[in-house]
Amino acid sequence: MSAIELRGLTKVYPGGVKALDSLDLVIPDGEFFALLGPSGCGKTTLLRTIAGLETATGGAVVIGDRDVTGVQPGARDIAMVFQDYALFPHMNVTDNIAYPLRIKKVARATRQQKAAEVGARLGLEQLMERRPGQLSGGQQQRVALARVMATQAQAFLFDEPLSNLDARLRLEARTFLKKLQHELGVTTVFVTHDQAEALAMADRMAVMESGHIRQIGTPAEVFQRPANTFVAGFIGSTPMNLLDGVVRGDTVDVADCKVAVPESAEGLLRDGEKIVYGVRPEYNVYSAESADGSLGGTVSIVENLGATYLVTLDVNGVPVQAIVPEGREPELGDEGFAVPRRDRALIYRDGELVSA
Amino acid sequence: MTRFVLRRIGFYVLIAVLLAFFAVPLLWLASAPFTSDPTYQVRMPDFTSENFRALFDNPYALGSLWNSVLLAAGTAALVVVFATLAAYALSRVRLPGRDALLYTLLLLSSIITGTAAMVPLFQLAVELQLIDSQLGLILILTGGLLPAAIFMMKDFMDSTPKSYEESARVFGATPLQIVRHVVVPLVRPGLATIAVWAVANVWGNFLMPYLLLSDVEKQPAAVIMYTLYTEGGQANIQLLGTFGLLYSVPVVLMYLFVSKKYGFRFHGGIKR
Amino acid sequence: MAQATLPPEVLDDAKARRYNADAAGLGRLRAGAFVAPALALISLFLVFPALWVLYLGLSNYRLTGAAAAAPQSVGFDNFVKALTDPEFWSSTWLTFEFVLGSAVIGQVVLGFLIAWIMRDRTGPIKRIVEGLVILAWILPSAVVSFLWVALLDRDGGTLNTLLHLQDFAPLLDHPMLSIIVFNIWRGAAFSMMLYGAALGNVPPSHLESARLAGASGWQQLRDVVFPHIRGHVLTNLLLISLWTFNDFTPFLLTAGGPDGKTEVLSVHVYQVALQGGELGYGAAVSTVILLINLVVAVFYLRLLRSKK
Ligand SMILES: Nc1ncnc2c1ncn2[C@@H]1O[C@H](COP(=O)(O)OP(=O)(O)O)[C@@H](O)[C@H]1O
Ligand SMILES: [Mg+2]
């Protein structure tokens with residue numbers, strides 16, 4: 001088990017696309033690390049460059065204390081699960097799991113036994129004779145995991161490991177994967193474009209945008225204090241309210257209302273400054289009565305999220321969203337007020353978070 | 001109503017004419033091998049085995065079939081191995097001038113036919129002392145079939161996802177191991193197609209062995225068949241029936257096998 | 001030597017881009033090594049002969065005699081000789097008749113006819129008809145040639161017996177017609193299968209709407225079917241013309257006779273160069289064949305490109 005370190009990693013594809021732009025990243029030993037970002041931002045490229053399937057144009061990849069930038073993928077002591085799992089269709093489950101050992105010239109009997117052990121651990125006992133084509137998506141995923149486990153590599157790389165599963169199975173696999181990673185304690189980097197997945201599974205995560213890392217942190221940090229408006233808009237099942245505002249002393253003018261300056265930005269703002277005021281719908285407290293520092297308007301949309309409702313207020317022409325517990329949801333056309341929590345609201349100046 | 005009946009009648013007359021046109025020339029092959037003292041005329045067979053006995057007594061007949069097998073198997077093996085390696089490399093690595101090379105190969109395979117190249121090939125065989133050498137013939141046939149084979153094979157390779165190979169590569173497999181363990185099993189239908197196509201081509205080929213093999217003991221069935229009905233002024237009808245049948249059966253079996261297993265594909269046609 | 005083979009599918013650029021990444025980590029050197037054996041054989045036995053034929057065409061090379069030992073360059077004499085030789089022109093004309101009659105008209109029309117009348121049928125009739133047509137195509141040329149010799153024989157031939165004719169010898173009296181009919185019989189299968197596949201791709205809804213509009217069978221063909229299969233017709237025409245042009249099978253039936261009446265170019269080259277020993281002149285004729293092949297093939301590849 002080893003840490004992974006990237007130093008100024010750059011990848012330019014032959015066509016001229018700069019998929020990675022001088023990335024620096026340290027993933028400590030044993031961590032479950034998520035790479036999150038919209039499609040096309042370079043996540044797969046980053047993973048493949050760590051694996052050695054793409055040659056870096058500049059910078060270095062260090063695994064453990066070894067610089068592996070110029071090393072062949074097979075010699076990097078890492079293992080990778082591909083998005084389509086890449087299980088060999090002509091081999092049965094046993095042979096698939098044992099394939100890495102076959103490459104390492106482990107004796108046939110030993111590798112069969114090892115495959116059976118790993119397979120049993122992942123609940124594949126009954127399936128060992130089947131071909132991948134005869135397995136469901138979830139079973140294939142577990143075979144792919146088993147094959148990676150059989151390598152006993154220093155680090156695991158997963159490219160969108162859950163995206164080929166249907167919604168229900170995905171939740172199950174999410175829990176399973178997280179538990180397995182904690183048991184094995186192997187440094188694991190996984191790629192996803194689903195922010196909920198990253199928040200749920202990762203110890204730490206990086207949010208990427210067009211070849212750059214925009215924020216690194218624990219899921220809680222990234223969720224509560226997005227470092228910039230890009231991350232703020234990307235993270236969360238309902239996007240954060242990002243409202244243009246002007247600072248007026250202790251308050252901020254937003255959509256012709258006055259709200260209090262958030263705790264995190266106290267003393268850091270200049271009077272009359274143009275900023276973006278951010279508050280998650282979850283931290284926007286809804287009430288039917290007017291209060292100090294509230295955003296008041298008419299209810300224009302009410303969406304059922306299950307145990308909660310997402311209410312959209314039309315505040316002088318600006319849409320503002322708030323989460324309301326079930327049973328307290330307003331009617332369309334009602335007058336309503338949203339009070340941002342001062343300890344959770346954020347201020348962005350030129351797209352970057354203002355904080356001490 | 002009457003129009004409908006007339007159309008039906010017209011249709012069946014057409015079918016009957018078509019059937020007759022295509023079946024009549026073949027009747028002889030079905031009847032003569034089993035008829036005593038066969039002539040050019042198609043007669044009701046009396047299911048004699050004496051024609052087959054005569055065939056087995058003939059010193060060259062069975063030998064020539066064996067020669068056909070040798071030529072076909074040898075050529076198919078070389079074509080499959082070399083075409084697979086080349087197609088794999090061309091499919092996966094952007095070698096300088098690759099697209100031009102592929103285009104040229106495609107062009108070559110269609111313009112340099114046996115007809116166009118028989119003169120220099122004969123010359124070349126004389127110079128390299130490959131006249132009467134079965135190996136020489138195999139090499140020449142392989143050279144002729146390779147461009148089209150590479151092209152067909154590359155098509156198969158291109159449609160195989162590369163993540164299988166990458167996966168094996170991350171596990172530490174060498175390129176040759178990847179080809180053996182992953183690529184070859186994945187494109188097996190392609191290999192079979194190329195092999196059958198090469199065998200069918202060589203099996204039916206008359207011109208090249210006729211040109212390059214003058215020793216009767218080395219000649220394949222195509223040449224012996226021709227000799228049997230042209231040499232000595234008088235066709236050896238008794239042998240021709242059984243020999244023609246034996247020589248034809250493998251092709252038919254192979255066709256049935258391929259069309260059953262893979263369906264017919266338009267890779268320029270399995271034959272030709 | 002391979003007969004002409006043109007896989008009708010060429011590389012799709014977008015697809016090629018996705019797969020050209022060096023997934024197995026082959027590297028250029030090893031990739032070169034993988035390609036080398038194939039290229040060596042192709043160069044030696046395909047490219048080199050084609051180049052040599054050009055050189056031979058410019059020499060007075062003969063199989064035996066003084067010129068065999070020390071061939072000399074004779075410039076364009078062989079080409080001049082060929083182009084002024086009535087036999088060459090008569091062979092060219094016969095080849096034209098053969099290709100036009102048996103491939104361009106015969107195989108295309110018959111192949112399309114069979115595909116058309118069998119298009120929505122299933123069952124034994126379709127299987128038997130298609131099976132026989134394909135059988136005629138896959139049997140070795142030496143076998144089918146002999147079958148036609150037997151069929152058309154003057155004395156005991158099946159044709160004469162069936163038609164109660166005496167002394168009718170098609171191979172002697174109408175030799176060119178005989179090999180044309182033979183080649184239609186021999187090669188109709190390819191066109192049939194190609195058109196069968198093409199007709200299967202005509203959307204049934206288009207045919208139905210034409211039928212609802214009251215179009216006759218012929219109108220449906222012209223207005224709905226033909227626009228859909230136009231590309232296939234062109235592909236088919238070019239391929240079978242190329243194959244028929246290079247076909248050596250007429251030799252097995254008539255060996256060019258009687259009196260050179262069926263001596264198409266492929267047989268002509270054989271007779272002149274390898275029987276007659278005039279390699280230089282034969283090479284000049286081969287060059288002409290190569291050039292004609294080149295024109296047809298380039299046409300065909302253009303067509304494939306433009307379809308992408
Ligand atoms: N083989 C390639 N050649 C050229 N450009 C590529 C290649 N692979 C990916 N790209 C480009 O690099 C960028 C990042 O791609 P990728 O890493 O696959 O993104 P993600 O996995 O985050 O969706 C994209 O703009 C993509 O078009
Ligand atoms: Mg991706």
# chains A, B, ... in the order shown; residues from 1 in each chain; ligands from 1

$ residues_around --residues "range 37-47 of chain B" --least-positions-apart "4" --cutoff "8 Å" --atoms "only C-alpha atoms" --output "list in words"
Leu27, Trp28, Ser31, Ala32, Pro33, Ile237 and Gln238 of chain B; Ala150, Leu151, Asp153, Gly156, Gly157, Thr158 and Thr161 of chain C

$ write_last_selection --atoms "all heavy atoms" --output "JSON list (two decimals), in the first residue's frame"
[["chain", "number", "residue", "atom", "x", "y", "z"],
["B", 27, "LEU", "N", -26.57, -31.89, -62.65],
["B", 27, "LEU", "CA", -27.11, -33.25, -62.56],
["B", 27, "LEU", "C", -26.04, -34.30, -62.77],
["B", 27, "LEU", "O", -25.98, -35.31, -62.08],
["B", 27, "LEU", "CB", -28.22, -33.45, -63.60],
["B", 27, "LEU", "CG", -29.54, -32.74, -63.30],
["B", 27, "LEU", "CD1", -30.53, -32.98, -64.42],
["B", 27, "LEU", "CD2", -30.10, -33.24, -61.97],
["B", 28, "TRP", "N", -25.18, -34.00, -63.72],
["B", 28, "TRP", "CA", -24.17, -34.99, -64.09],
["B", 28, "TRP", "C", -23.31, -35.36, -62.87],
["B", 28, "TRP", "O", -23.03, -36.53, -62.62],
["B", 28, "TRP", "CB", -23.29, -34.44, -65.21],
["B", 28, "TRP", "CG", -22.42, -35.49, -65.84],
["B", 28, "TRP", "CD1", -22.74, -36.32, -66.87],
["B", 28, "TRP", "CD2", -21.09, -35.84, -65.43],
["B", 28, "TRP", "NE1", -21.72, -37.17, -67.14],
["B", 28, "TRP", "CE2", -20.69, -36.90, -66.27],
["B", 28, "TRP", "CE3", -20.22, -35.37, -64.46],
["B", 28, "TRP", "CZ2", -19.43, -37.50, -66.16],
["B", 28, "TRP", "CZ3", -18.98, -35.98, -64.35],
["B", 28, "TRP", "CH2", -18.59, -37.02, -65.19],
["B", 31, "SER", "N", -25.12, -37.79, -60.68],
["B", 31, "SER", "CA", -25.46, -39.14, -61.17],
["B", 31, "SER", "C", -24.24, -39.95, -61.61],
["B", 31, "SER", "O", -24.09, -41.12, -61.24],
["B", 31, "SER", "CB", -26.46, -39.04, -62.32],
["B", 31, "SER", "OG", -25.84, -38.45, -63.44],
["B", 32, "ALA", "N", -23.34, -39.32, -62.35],
["B", 32, "ALA", "CA", -22.25, -40.07, -62.98],
["B", 32, "ALA", "C", -21.40, -40.88, -61.99],
["B", 32, "ALA", "O", -21.05, -42.02, -62.30],
["B", 32, "ALA", "CB", -21.38, -39.15, -63.80],
["B", 33, "PRO", "N", -21.08, -40.35, -60.82],
["B", 33, "PRO", "CA", -20.23, -41.14, -59.93],
["B", 33, "PRO", "C", -20.85, -42.47, -59.53],
["B", 33, "PRO", "O", -20.14, -43.40, -59.17],
["B", 33, "PRO", "CB", -20.07, -40.23, -58.70],
["B", 33, "PRO", "CG", -20.33, -38.86, -59.19],
["B", 33, "PRO", "CD", -21.33, -39.01, -60.28],
["B", 237, "ILE", "N", -13.91, -40.39, -68.34],
["B", 237, "ILE", "CA", -15.20, -40.05, -67.74],
["B", 237, "ILE", "C", -15.46, -40.80, -66.43],
["B", 237, "ILE", "O", -16.01, -40.25, -65.47],
["B", 237, "ILE", "CB", -16.33, -40.31, -68.75],
["B", 237, "ILE", "CG1", -16.13, -39.34, -69.92],
["B", 237, "ILE", "CG2", -17.69, -40.10, -68.12],
["B", 237, "ILE", "CD1", -17.15, -39.46, -70.99],
["B", 238, "GLN", "N", -14.99, -42.02, -66.38],
["B", 238, "GLN", "CA", -15.23, -42.80, -65.17],
["B", 238, "GLN", "C", -14.60, -42.13, -63.95],
["B", 238, "GLN", "O", -15.22, -42.00, -62.90],
["B", 238, "GLN", "CB", -14.65, -44.21, -65.35],
["B", 238, "GLN", "CG", -15.04, -45.12, -64.22],
["B", 238, "GLN", "CD", -14.34, -46.45, -64.29],
["B", 238, "GLN", "OE1", -13.25, -46.57, -64.84],
["B", 238, "GLN", "NE2", -14.98, -47.47, -63.75],
["C", 150, "ALA", "N", -19.47, -31.39, -70.42],
["C", 150, "ALA", "CA", -20.34, -32.54, -70.55],
["C", 150, "ALA", "C", -21.74, -32.11, -71.00],
["C", 150, "ALA", "O", -22.37, -32.75, -71.85],
["C", 150, "ALA", "CB", -20.42, -33.29, -69.21],
["C", 151, "LEU", "N", -22.22, -31.02, -70.44],
["C", 151, "LEU", "CA", -23.57, -30.54, -70.77],
["C", 151, "LEU", "C", -23.69, -30.20, -72.24],
["C", 151, "LEU", "O", -24.68, -30.52, -72.89],
["C", 151, "LEU", "CB", -23.88, -29.30, -69.91],
["C", 151, "LEU", "CG", -25.21, -28.60, -70.18],
["C", 151, "LEU", "CD1", -26.33, -29.38, -69.53],
["C", 151, "LEU", "CD2", -25.20, -27.18, -69.65],
["C", 153, "ASP", "N", -21.75, -31.16, -74.80],
["C", 153, "ASP", "CA", -21.05, -32.04, -75.74],
["C", 153, "ASP", "C", -21.92, -32.35, -76.96],
["C", 153, "ASP", "O", -23.14, -32.47, -76.87],
["C", 153, "ASP", "CB", -20.67, -33.33, -75.03],
["C", 153, "ASP", "CG", -19.80, -34.19, -75.92],
["C", 153, "ASP", "OD1", -18.66, -33.78, -76.19],
["C", 153, "ASP", "OD2", -20.29, -35.26, -76.35],
["C", 156, "GLY", "N", -23.05, -36.91, -76.73],
["C", 156, "GLY", "CA", -23.92, -37.42, -75.67],
["C", 156, "GLY", "C", -24.31, -36.36, -74.67],
["C", 156, "GLY", "O", -24.81, -36.66, -73.59],
["C", 157, "GLY", "N", -24.08, -35.06, -74.98],
["C", 157, "GLY", "CA", -24.32, -33.99, -74.01],
["C", 157, "GLY", "C", -25.75, -33.93, -73.52],
["C", 157, "GLY", "O", -26.69, -34.22, -74.27],
["C", 158, "THR", "N", -25.93, -33.56, -72.26],
["C", 158, "THR", "CA", -27.26, -33.54, -71.66],
["C", 158, "THR", "C", -28.18, -32.57, -72.39],
["C", 158, "THR", "O", -29.37, -32.82, -72.55],
["C", 158, "THR", "CB", -27.15, -33.13, -70.19],
["C", 158, "THR", "OG1", -26.13, -33.91, -69.59],
["C", 158, "THR", "CG2", -28.45, -33.35, -69.45],
["C", 161, "THR", "N", -29.54, -34.19, -75.45],
["C", 161, "THR", "CA", -30.49, -35.24, -75.09],
["C", 161, "THR", "C", -31.83, -34.63, -74.69],
["C", 161, "THR", "O", -32.89, -35.07, -75.13],
["C", 161, "THR", "CB", -29.95, -36.06, -73.91],
["C", 161, "THR", "OG1", -28.57, -36.33, -74.16],
["C", 161, "THR", "CG2", -30.72, -37.34, -73.74]]

$ residues_around --residues "Pro38 in chain A" --least-positions-apart "2" --cutoff "7 Å" --atoms "only C-alpha atoms" --output "PyMOL selection string"
chain A and resi 40-41+193

$ write_last_selection --atoms "N, CA and C atoms" --output "compact mmCIF listing (two decimals), in the first residue's frame"
# COMPACT_ATOMS: atom_id res chain seq x y z
N GLY A 40 -15.90 15.10 -19.64
CA GLY A 40 -14.93 15.79 -20.50
C GLY A 40 -13.94 16.66 -19.77
N CYS A 41 -13.96 16.62 -18.42
CA CYS A 41 -13.07 17.52 -17.68
C CYS A 41 -11.68 16.92 -17.51
N HIS A 193 -18.77 11.12 -12.21
CA HIS A 193 -19.33 12.43 -12.56
C HIS A 193 -20.56 12.69 -11.69

$ select_by_dssp --residues "range 21-124 of chain A" --states "strand (DSSP E)" --output "PyMOL selection string"
chain A and resi 21-27+32-36+58-63+66-67+78-81

$ closest_residue --among "C:Ala24, C:Ala115, C:Ile289, C:Ala33" --to "Glu165 in chain B" --atoms "only C-alpha atoms"
C:Ala24

$ residues_near_ligand --ligand "ligand 2" --cutoff "7 Å" --atoms "only C-alpha atoms and all ligand atoms" --output "PyMOL selection string"
chain A and resi 39-40+43-44+159

$ residues_near_ligand --ligand "ligand 1" --cutoff "10 Å" --atoms "only C-alpha atoms and all ligand atoms" --output "NGL selection string"
(:A and (11-20 or 35-49 or 54 or 159-160 or 191-193 or 208-211)) or (:C and (17-22))

$ write_last_selection --atoms "N, CA and C atoms" --output "compact mmCIF listing (two decimals), in the first residue's frame"
# COMPACT_ATOMS: atom_id res chain seq x y z
N LYS A 11 -1.11 16.74 -19.48
CA LYS A 11 -1.32 15.83 -20.60
C LYS A 11 -1.94 16.60 -21.75
N VAL A 12 -1.24 16.60 -22.88
CA VAL A 12 -1.78 17.21 -24.10
C VAL A 12 -1.96 16.11 -25.12
N TYR A 13 -3.17 15.92 -25.62
CA TYR A 13 -3.40 14.88 -26.63
C TYR A 13 -2.86 15.33 -27.96
N PRO A 14 -2.52 14.36 -28.83
CA PRO A 14 -1.95 14.70 -30.13
C PRO A 14 -2.74 15.78 -30.87
N GLY A 15 -4.06 15.75 -30.76
CA GLY A 15 -4.86 16.76 -31.46
C GLY A 15 -4.69 18.16 -30.91
N GLY A 16 -4.03 18.29 -29.73
CA GLY A 16 -3.84 19.61 -29.15
C GLY A 16 -4.73 19.88 -27.95
N VAL A 17 -5.58 18.90 -27.59
CA VAL A 17 -6.45 19.09 -26.43
C VAL A 17 -5.61 18.98 -25.16
N LYS A 18 -5.66 20.01 -24.32
CA LYS A 18 -4.93 19.97 -23.06
C LYS A 18 -5.87 19.40 -22.00
N ALA A 19 -5.77 18.10 -21.77
CA ALA A 19 -6.73 17.43 -20.89
C ALA A 19 -6.36 17.59 -19.42
N LEU A 20 -5.06 17.72 -19.12
CA LEU A 20 -4.62 17.95 -17.75
C LEU A 20 -3.65 19.13 -17.78
N LEU A 35 -12.37 11.41 -7.70
CA LEU A 35 -12.16 12.47 -8.68
C LEU A 35 -13.51 12.79 -9.28
N LEU A 36 -13.99 14.00 -9.04
CA LEU A 36 -15.33 14.34 -9.48
C LEU A 36 -15.25 15.48 -10.48
N GLY A 37 -16.14 15.46 -11.46
CA GLY A 37 -16.16 16.55 -12.42
C GLY A 37 -17.13 16.25 -13.53
N PRO A 38 -17.51 17.27 -14.27
CA PRO A 38 -18.43 17.03 -15.37
C PRO A 38 -17.75 16.24 -16.48
N SER A 39 -18.54 15.67 -17.36
CA SER A 39 -18.01 14.86 -18.46
C SER A 39 -17.05 15.69 -19.31
N GLY A 40 -15.90 15.10 -19.64
CA GLY A 40 -14.93 15.79 -20.50
C GLY A 40 -13.94 16.66 -19.77
N CYS A 41 -13.96 16.62 -18.42
CA CYS A 41 -13.07 17.52 -17.68
C CYS A 41 -11.68 16.92 -17.51
N GLY A 42 -11.48 15.64 -17.88
CA GLY A 42 -10.16 15.04 -17.81
C GLY A 42 -9.98 14.01 -16.71
N LYS A 43 -11.07 13.55 -16.11
CA LYS A 43 -10.95 12.57 -15.02
C LYS A 43 -10.34 11.26 -15.52
N THR A 44 -10.91 10.76 -16.62
CA THR A 44 -10.41 9.50 -17.15
C THR A 44 -8.95 9.65 -17.56
N THR A 45 -8.65 10.78 -18.18
CA THR A 45 -7.27 11.02 -18.59
C THR A 45 -6.34 10.99 -17.38
N LEU A 46 -6.76 11.60 -16.29
CA LEU A 46 -5.92 11.62 -15.10
C LEU A 46 -5.69 10.20 -14.58
N LEU A 47 -6.78 9.43 -14.52
CA LEU A 47 -6.67 8.07 -14.02
C LEU A 47 -5.74 7.24 -14.91
N ARG A 48 -5.95 7.40 -16.23
CA ARG A 48 -5.15 6.62 -17.17
C ARG A 48 -3.69 7.05 -17.16
N THR A 49 -3.45 8.31 -16.84
CA THR A 49 -2.06 8.76 -16.76
C THR A 49 -1.40 8.20 -15.50
N GLU A 54 -1.68 6.38 -20.51
CA GLU A 54 -1.35 7.57 -21.30
C GLU A 54 -0.01 8.07 -20.78
N ASP A 159 -12.52 3.50 -12.79
CA ASP A 159 -13.12 4.50 -13.68
C ASP A 159 -14.63 4.32 -13.70
N GLU A 160 -15.34 5.23 -13.11
CA GLU A 160 -16.80 5.19 -13.05
C GLU A 160 -17.29 3.78 -12.73
N VAL A 191 -13.13 7.51 -10.11
CA VAL A 191 -13.60 8.61 -10.93
C VAL A 191 -15.11 8.55 -10.99
N THR A 192 -15.76 9.68 -10.91
CA THR A 192 -17.20 9.69 -11.08
C THR A 192 -17.65 11.08 -11.53
N HIS A 193 -18.77 11.12 -12.21
CA HIS A 193 -19.33 12.43 -12.56
C HIS A 193 -20.56 12.69 -11.69
N MET A 208 -12.87 18.57 -10.40
CA MET A 208 -12.11 19.00 -11.57
C MET A 208 -12.97 19.78 -12.54
N GLU A 209 -12.33 20.72 -13.23
CA GLU A 209 -12.99 21.42 -14.33
C GLU A 209 -11.97 21.65 -15.42
N SER A 210 -12.27 21.21 -16.61
CA SER A 210 -11.42 21.33 -17.79
C SER A 210 -9.91 21.28 -17.48
N GLY A 211 -9.49 20.17 -16.92
CA GLY A 211 -8.07 19.92 -16.74
C GLY A 211 -7.45 20.53 -15.50
N ARG C 17 -10.11 6.53 -35.16
CA ARG C 17 -9.46 7.40 -34.19
C ARG C 17 -9.63 6.85 -32.79
N ARG C 18 -10.83 6.33 -32.54
CA ARG C 18 -11.09 5.83 -31.20
C ARG C 18 -10.22 4.61 -30.88
N TYR C 19 -9.90 3.83 -31.88
CA TYR C 19 -9.21 2.58 -31.59
C TYR C 19 -7.72 2.64 -31.87
N ASN C 20 -7.23 3.76 -32.36
CA ASN C 20 -5.83 3.72 -32.74
C ASN C 20 -4.89 3.92 -31.55
N ALA C 21 -5.46 4.24 -30.41
CA ALA C 21 -4.60 4.35 -29.24
C ALA C 21 -3.90 3.02 -29.02
N ASP C 22 -2.65 3.07 -28.69
CA ASP C 22 -1.83 1.87 -28.61
C ASP C 22 -2.15 1.11 -27.32

$ interface_residues --of "chain A" --to "chain B" --cutoff "8 Å" --atoms "only C-alpha atoms" --output "list in words"
Ala51, Leu53, Pro73, Gly74, Ala75, Ile78, Ala79, Met80, Val81, Phe82, Asp84, Ala86, Leu87, Phe88, Pro89, His90, Pro100, Ile103, Lys104 and Thr151 of chain A

$ write_last_selection --atoms "N, CA, C and O atoms" --output "tab-separated table (two decimals), in the first residue's frame"
chain	number	residue	atom	x	y	z
A	51	ALA	N	-2.20	5.36	-14.28
A	51	ALA	CA	-2.00	3.94	-14.60
A	51	ALA	C	-0.87	3.73	-15.60
A	51	ALA	O	-0.34	2.63	-15.70
A	53	LEU	N	-1.36	4.27	-18.87
A	53	LEU	CA	-1.94	3.99	-20.18
A	53	LEU	C	-1.82	5.20	-21.11
A	53	LEU	O	-1.89	5.06	-22.33
A	73	PRO	N	2.82	0.40	-17.56
A	73	PRO	CA	1.69	0.20	-16.65
A	73	PRO	C	1.83	-1.08	-15.82
A	73	PRO	O	1.54	-1.09	-14.62
A	74	GLY	N	2.30	-2.13	-16.45
A	74	GLY	CA	2.40	-3.42	-15.77
A	74	GLY	C	3.40	-3.41	-14.64
A	74	GLY	O	3.37	-4.26	-13.75
A	75	ALA	N	4.34	-2.45	-14.66
A	75	ALA	CA	5.39	-2.42	-13.64
A	75	ALA	C	5.11	-1.38	-12.57
A	75	ALA	O	5.96	-1.11	-11.73
A	78	ILE	N	-0.04	-1.21	-9.77
A	78	ILE	CA	-1.37	-0.68	-9.53
A	78	ILE	C	-2.36	-1.62	-10.23
A	78	ILE	O	-1.97	-2.46	-11.03
A	79	ALA	N	-3.64	-1.51	-9.91
A	79	ALA	CA	-4.65	-2.30	-10.60
A	79	ALA	C	-5.81	-1.38	-10.94
A	79	ALA	O	-6.06	-0.41	-10.24
A	80	MET	N	-6.49	-1.70	-12.04
A	80	MET	CA	-7.50	-0.76	-12.53
A	80	MET	C	-8.77	-1.50	-12.90
A	80	MET	O	-8.72	-2.58	-13.50
A	81	VAL	N	-9.91	-0.91	-12.55
A	81	VAL	CA	-11.21	-1.43	-13.01
A	81	VAL	C	-11.73	-0.45	-14.05
A	81	VAL	O	-11.86	0.74	-13.77
A	82	PHE	N	-12.00	-0.97	-15.25
A	82	PHE	CA	-12.46	-0.10	-16.33
A	82	PHE	C	-13.96	0.11	-16.24
A	82	PHE	O	-14.68	-0.66	-15.62
A	84	ASP	N	-16.22	-0.34	-18.42
A	84	ASP	CA	-16.99	-1.48	-18.92
A	84	ASP	C	-16.49	-2.79	-18.30
A	84	ASP	O	-16.80	-3.87	-18.78
A	86	ALA	N	-14.15	-4.65	-18.59
A	86	ALA	CA	-13.13	-5.35	-19.40
A	86	ALA	C	-12.87	-6.75	-18.89
A	86	ALA	O	-11.72	-7.20	-18.85
A	87	LEU	N	-13.93	-7.46	-18.52
A	87	LEU	CA	-13.75	-8.88	-18.19
A	87	LEU	C	-13.58	-9.63	-19.50
A	87	LEU	O	-14.32	-9.38	-20.45
A	88	PHE	N	-12.61	-10.54	-19.56
A	88	PHE	CA	-12.37	-11.24	-20.82
A	88	PHE	C	-13.53	-12.17	-21.12
A	88	PHE	O	-13.81	-13.10	-20.35
A	89	PRO	N	-14.23	-11.95	-22.23
A	89	PRO	CA	-15.46	-12.70	-22.48
A	89	PRO	C	-15.22	-14.18	-22.75
A	89	PRO	O	-16.13	-14.98	-22.63
A	90	HIS	N	-13.99	-14.55	-23.09
A	90	HIS	CA	-13.73	-15.94	-23.43
A	90	HIS	C	-13.21	-16.75	-22.24
A	90	HIS	O	-12.90	-17.91	-22.38
A	100	PRO	N	-4.37	-12.02	-13.51
A	100	PRO	CA	-3.17	-11.29	-13.07
A	100	PRO	C	-2.11	-12.23	-12.50
A	100	PRO	O	-0.91	-11.99	-12.68
A	103	ILE	N	-0.21	-13.96	-15.27
A	103	ILE	CA	0.84	-13.11	-15.81
A	103	ILE	C	2.07	-13.14	-14.90
A	103	ILE	O	3.20	-13.10	-15.37
A	104	LYS	N	1.83	-13.27	-13.57
A	104	LYS	CA	2.95	-13.30	-12.65
A	104	LYS	C	3.55	-14.68	-12.53
A	104	LYS	O	4.35	-14.96	-11.63
A	151	THR	N	-4.69	-9.08	-7.50
A	151	THR	CA	-3.37	-8.59	-7.88
A	151	THR	C	-2.53	-8.20	-6.68
A	151	THR	O	-1.32	-8.16	-6.75

$ interface_residues --of "chain B" --to "chain C" --cutoff "6 Å" --atoms "only C-alpha atoms" --output "PyMOL selection string"
chain B and resi 40-41+82+85-86+89+92-93+110-111+113-116+120-121+140-141+143-145+162+165-166+175+204+222+244+248+267-268+272

$ select_by_dssp --residues "range 18-175 of chain A" --states "helix (DSSP H, G or I)" --output "PyMOL selection string"
chain A and resi 43-51+73-75+93-103+108-121+125-127+132-134+137-150+167-175

$ closest_residue --among "A:Val261, A:Val71, A:Leu157, A:Met91" --to "chain C" --atoms "only C-alpha atoms"
A:Val71

$ atom_distance --atom1 "CA of Ile213 in chain A" --atom2 "CA of Leu23 in chain A"
6.9 Å

$ closest_residue --among "B:Gln219, B:Ala192, B:Thr84, B:Tyr226" --to "Phe257 in chain B" --atoms "only C-alpha atoms"
B:Ala192

$ closest_residue --among "C:Thr254, C:Phe79, C:Gln107, C:Leu100" --to "His174 in chain C" --atoms "only C-alpha atoms"
C:Thr254

$ residues_around --residues "Ala288 in chain A" --least-positions-apart "2" --cutoff "12 Å" --atoms "only C-alpha atoms" --output "list in words"
Val285, Tyr286, Ser290, Ala291, Ser294, Leu295, Gly296, Gly297, Thr298, Val299, Leu313, Val324, Arg328, Glu329, Pro330, Glu331, Gly333, Asp334, Glu335, Gly336, Phe337, Ala338 and Val339 of chain A

$ closest_residue --among "A:Gly123, A:Gly272, A:Pro28, A:Gly293" --to "Val259 in chain A" --atoms "only C-alpha atoms"
A:Gly293
